[in-house]
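A.B. asks: Below you will find the structure I want to go over with you.
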Amino acid sequence: MSSSKQFTLFTTDGAPPNGWKVMIVLEELGLSYEHNPEYTKFNPNGRIPALIDHHANDFAIWESDAILSYLVEKYDTERKISFDRFEVKIIQLQWLFFQASGQGGTIRVFGVLEDVLSKRTWLVGDKCSVADMSFTTYGFNFEAEFPAVAKWHASMTSRESVKKVFSIRKATTA
Ligand SMILES: N[C@@H](CCC(=O)N[C@@H](CS)C(=O)NCC(=O)O)C(=O)O
């Protein structure tokens, strides 16, 4: 497979959330990618997203939070949005699992996040990490019930990476 960009991100245009959060992390890390809509051949589960790394023998990875883990483990060498210490990495993974497994029960997830974020600014450590970013693409309109989540979500959606990807998402959501 040839491409001038390092990555091909297979994802769908429009509303579904899982591909966009991968694009946000690619933007955060300044990695080059092309976006190929609605192509599921690389995922035996027949879903998006899937990511191909052309600088690693076309390594193919699917499941959005596994993709996020791959990107930060391999390419976030400055630990801009991830962590070095083993135990902290596992806590980061804990939140990624929680995000992936909780998608069907948004109100319950918001309740857990509200409790945690009323006591701290970010889910892990003292910076916005990939664990926080995995939640960026949740639709959020429950400010009154979940004020700490609303503040946290707003501070993530004001990041340049998120603004850029959301504008692409909006343009492709007819
Ligand atoms: N747990 C998977 C979920 C993947 C998933 O459900 N993708 C949806 C879009 S967000 C999809 O491909 N839907 C089309 C289909 O099921 O055919 C992940 O996080 O990557």
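Identifiers in this document derive from the order of the structure tokens: chains are assigned A, B, ..., residues are numbered from 1 separately in each chain, and ligands are numbered from 1 in order of occurrence.
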I need the strand (DSSP E) residues of range 59-101 of chain A per DSSP on the backbone, written as a ChimeraX atom specification.
C.D. replies: /A:59-62
A.B. asks: Within 7 Å of ligand 1, which residues of chain A show up? Give each one with its shortest atom-to-atom distance in Å (one decimal) and the two atoms involved, counting only C-alpha atoms and all ligand atoms, rows by chain then rising residue number, as JSON lines.
C.D. replies:
```
{"residue": "A:Pro16", "atom": "CA", "partner": "ligand 1", "partner_atom_place_in_ligand_line": "10 (S)", "distance": 4.1}
{"residue": "A:Pro17", "atom": "CA", "partner": "ligand 1", "partner_atom_place_in_ligand_line": "10 (S)", "distance": 5.0}
{"residue": "A:Asn18", "atom": "CA", "partner": "ligand 1", "partner_atom_place_in_ligand_line": "10 (S)", "distance": 4.4}
{"residue": "A:Gly19", "atom": "CA", "partner": "ligand 1", "partner_atom_place_in_ligand_line": "10 (S)", "distance": 6.5}
{"residue": "A:Gly46", "atom": "CA", "partner": "ligand 1", "partner_atom_place_in_ligand_line": "17 (O)", "distance": 6.4}
{"residue": "A:Arg47", "atom": "CA", "partner": "ligand 1", "partner_atom_place_in_ligand_line": "12 (O)", "distance": 3.4}
{"residue": "A:Ile48", "atom": "CA", "partner": "ligand 1", "partner_atom_place_in_ligand_line": "12 (O)", "distance": 4.0}
{"residue": "A:Pro49", "atom": "CA", "partner": "ligand 1", "partner_atom_place_in_ligand_line": "20 (O)", "distance": 5.4}
{"residue": "A:Trp62", "atom": "CA", "partner": "ligand 1", "partner_atom_place_in_ligand_line": "20 (O)", "distance": 6.3}
{"residue": "A:Glu63", "atom": "CA", "partner": "ligand 1", "partner_atom_place_in_ligand_line": "20 (O)", "distance": 3.5}
{"residue": "A:Ser64", "atom": "CA", "partner": "ligand 1", "partner_atom_place_in_ligand_line": "20 (O)", "distance": 3.8}
{"residue": "A:Asp65", "atom": "CA", "partner": "ligand 1", "partner_atom_place_in_ligand_line": "19 (O)", "distance": 6.0}
{"residue": "A:Ala100", "atom": "CA", "partner": "ligand 1", "partner_atom_place_in_ligand_line": "19 (O)", "distance": 5.9}
```
A.B. asks: At a cut-off of 12 Å, using only C-alpha atoms, what residues contact Leu31 in chain A? Leave out same-chain residues fewer than 4 positions from it and give the result as a list in words.
C.D. replies: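 Using only C-alpha atoms, the neighbours found are Lys5, Gln6, Phe7, Thr8, Leu9, Val22, Met23, Ile24, Val25, Leu26, Glu27, Asp53, His54, His55, Leu71, Val72, Lys74, Tyr75, Asp76 and Ser161 of chain A.
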A.B. asks: Which polymer residues have any atom within 10 Å of an atom of Asp132 in chain A, counting only C-alpha atoms, with same-chain residues fewer than 3 positions away left out, as a list in words?
C.D. replies: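 The residues that qualify are Ile81, Gln92, Trp95, Leu96, Gln99, Trp122, Leu123, Val124, Lys127, Cys128, Ser129, Phe135, Thr136, Trp152, His153 and Met156 of chain A.
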A.B. asks: Would you output that residue set with C-alpha atoms, as a compact mmCIF listing (two decimals), in the first residue's frame?
C.D. replies:
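Generated file (part.txt):
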```txt
# COMPACT_ATOMS: atom_id res chain seq x y z
CA ILE A 81 -0.93 13.28 26.11
CA GLN A 92 -4.91 5.42 31.58
CA TRP A 95 -10.27 4.86 31.62
CA LEU A 96 -9.99 3.79 27.99
CA GLN A 99 -14.98 4.65 27.87
CA TRP A 122 -8.20 15.49 34.41
CA LEU A 123 -8.85 11.77 34.63
CA VAL A 124 -5.19 10.78 34.96
CA LYS A 127 -2.76 17.00 32.07
CA CYS A 128 -5.30 16.28 29.37
CA SER A 129 -4.37 12.80 28.20
CA PHE A 135 -14.52 10.89 25.61
CA THR A 136 -14.35 13.97 23.37
CA TRP A 152 -14.10 19.28 31.35
CA HIS A 153 -15.79 18.53 28.02
CA MET A 156 -11.34 19.59 25.56
```
A.B. asks: Choose the residue, out of A:Asp13, A:Asp126, A:Glu114, A:Glu160, that has the smallest atom-to-atom separation from Phe142 in chain A; count only C-alpha atoms.
C.D. replies: A:Glu114
A.B. asks: Report the residues of range 120-149 of chain A whose backbone DSSP state falls under helix (DSSP H, G or I), written as a PyMOL selection string.
C.D. replies: chain A and resi 130-133+147-149
A.B. asks: Store the residues picked out above, limited to N, CA and C atoms, as a PDB file, in the first residue's frame.
C.D. replies:
```
ATOM      1  N   VAL A 130      -4.798  11.059  26.652  1.00  0.00           N
ATOM      2  CA  VAL A 130      -5.591  10.257  25.738  1.00  0.00           C
ATOM      3  C   VAL A 130      -6.810   9.651  26.456  1.00  0.00           C
ATOM      4  N   ALA A 131      -6.700   9.453  27.765  1.00  0.00           N
ATOM      5  CA  ALA A 131      -7.846   8.926  28.523  1.00  0.00           C
ATOM      6  C   ALA A 131      -9.005   9.924  28.477  1.00  0.00           C
ATOM      7  N   ASP A 132      -8.707  11.200  28.689  1.00  0.00           N
ATOM      8  CA  ASP A 132      -9.755  12.233  28.578  1.00  0.00           C
ATOM      9  C   ASP A 132     -10.252  12.308  27.136  1.00  0.00           C
ATOM     10  N   MET A 133      -9.292  12.312  26.223  1.00  0.00           N
ATOM     11  CA  MET A 133      -9.649  12.514  24.808  1.00  0.00           C
ATOM     12  C   MET A 133     -10.551  11.424  24.251  1.00  0.00           C
ATOM     13  N   PRO A 147     -22.220  19.363  35.992  1.00  0.00           N
ATOM     14  CA  PRO A 147     -21.432  20.574  35.727  1.00  0.00           C
ATOM     15  C   PRO A 147     -19.929  20.331  35.583  1.00  0.00           C
ATOM     16  N   ALA A 148     -19.373  19.403  36.350  1.00  0.00           N
ATOM     17  CA  ALA A 148     -17.925  19.155  36.244  1.00  0.00           C
ATOM     18  C   ALA A 148     -17.600  18.502  34.899  1.00  0.00           C
ATOM     19  N   VAL A 149     -18.478  17.617  34.448  1.00  0.00           N
ATOM     20  CA  VAL A 149     -18.267  16.980  33.134  1.00  0.00           C
ATOM     21  C   VAL A 149     -18.388  18.035  32.034  1.00  0.00           C
TER      22      VAL A 149
END
```
A.B. asks: So what do you get for CA of Ala174 in chain A versus CA of Ala15 in chain A, distance-wise?
C.D. replies: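 Distance between the two atoms: 9.2 Å.
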A.B. asks: Can you tell me, as a VMD selection string, what residues are no more than 12 Å from Gly111 in chain A when counting only C-alpha atoms, ignoring any on the same chain fewer than 5 positions away?
C.D. replies: chain A and resid 102 105 to 106 116 to 118 142 to 143 145 to 150
A.B. asks: Looking at A:Gly125, A:Val165, A:Thr173, A:Val88, which one is nearest to His35 in chain A, with distances taken over only C-alpha atoms?
C.D. replies: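 Closest residue, counting only C-alpha atoms: A:Val165.
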A.B. asks: If you measure from CA of Ala50 in chain A to CA of Lys170 in chain A, what distance in Å do you get, rounded to one decimal?
C.D. replies: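 Separating CA of Ala50 in chain A from CA of Lys170 in chain A is a distance of 20.7 Å.
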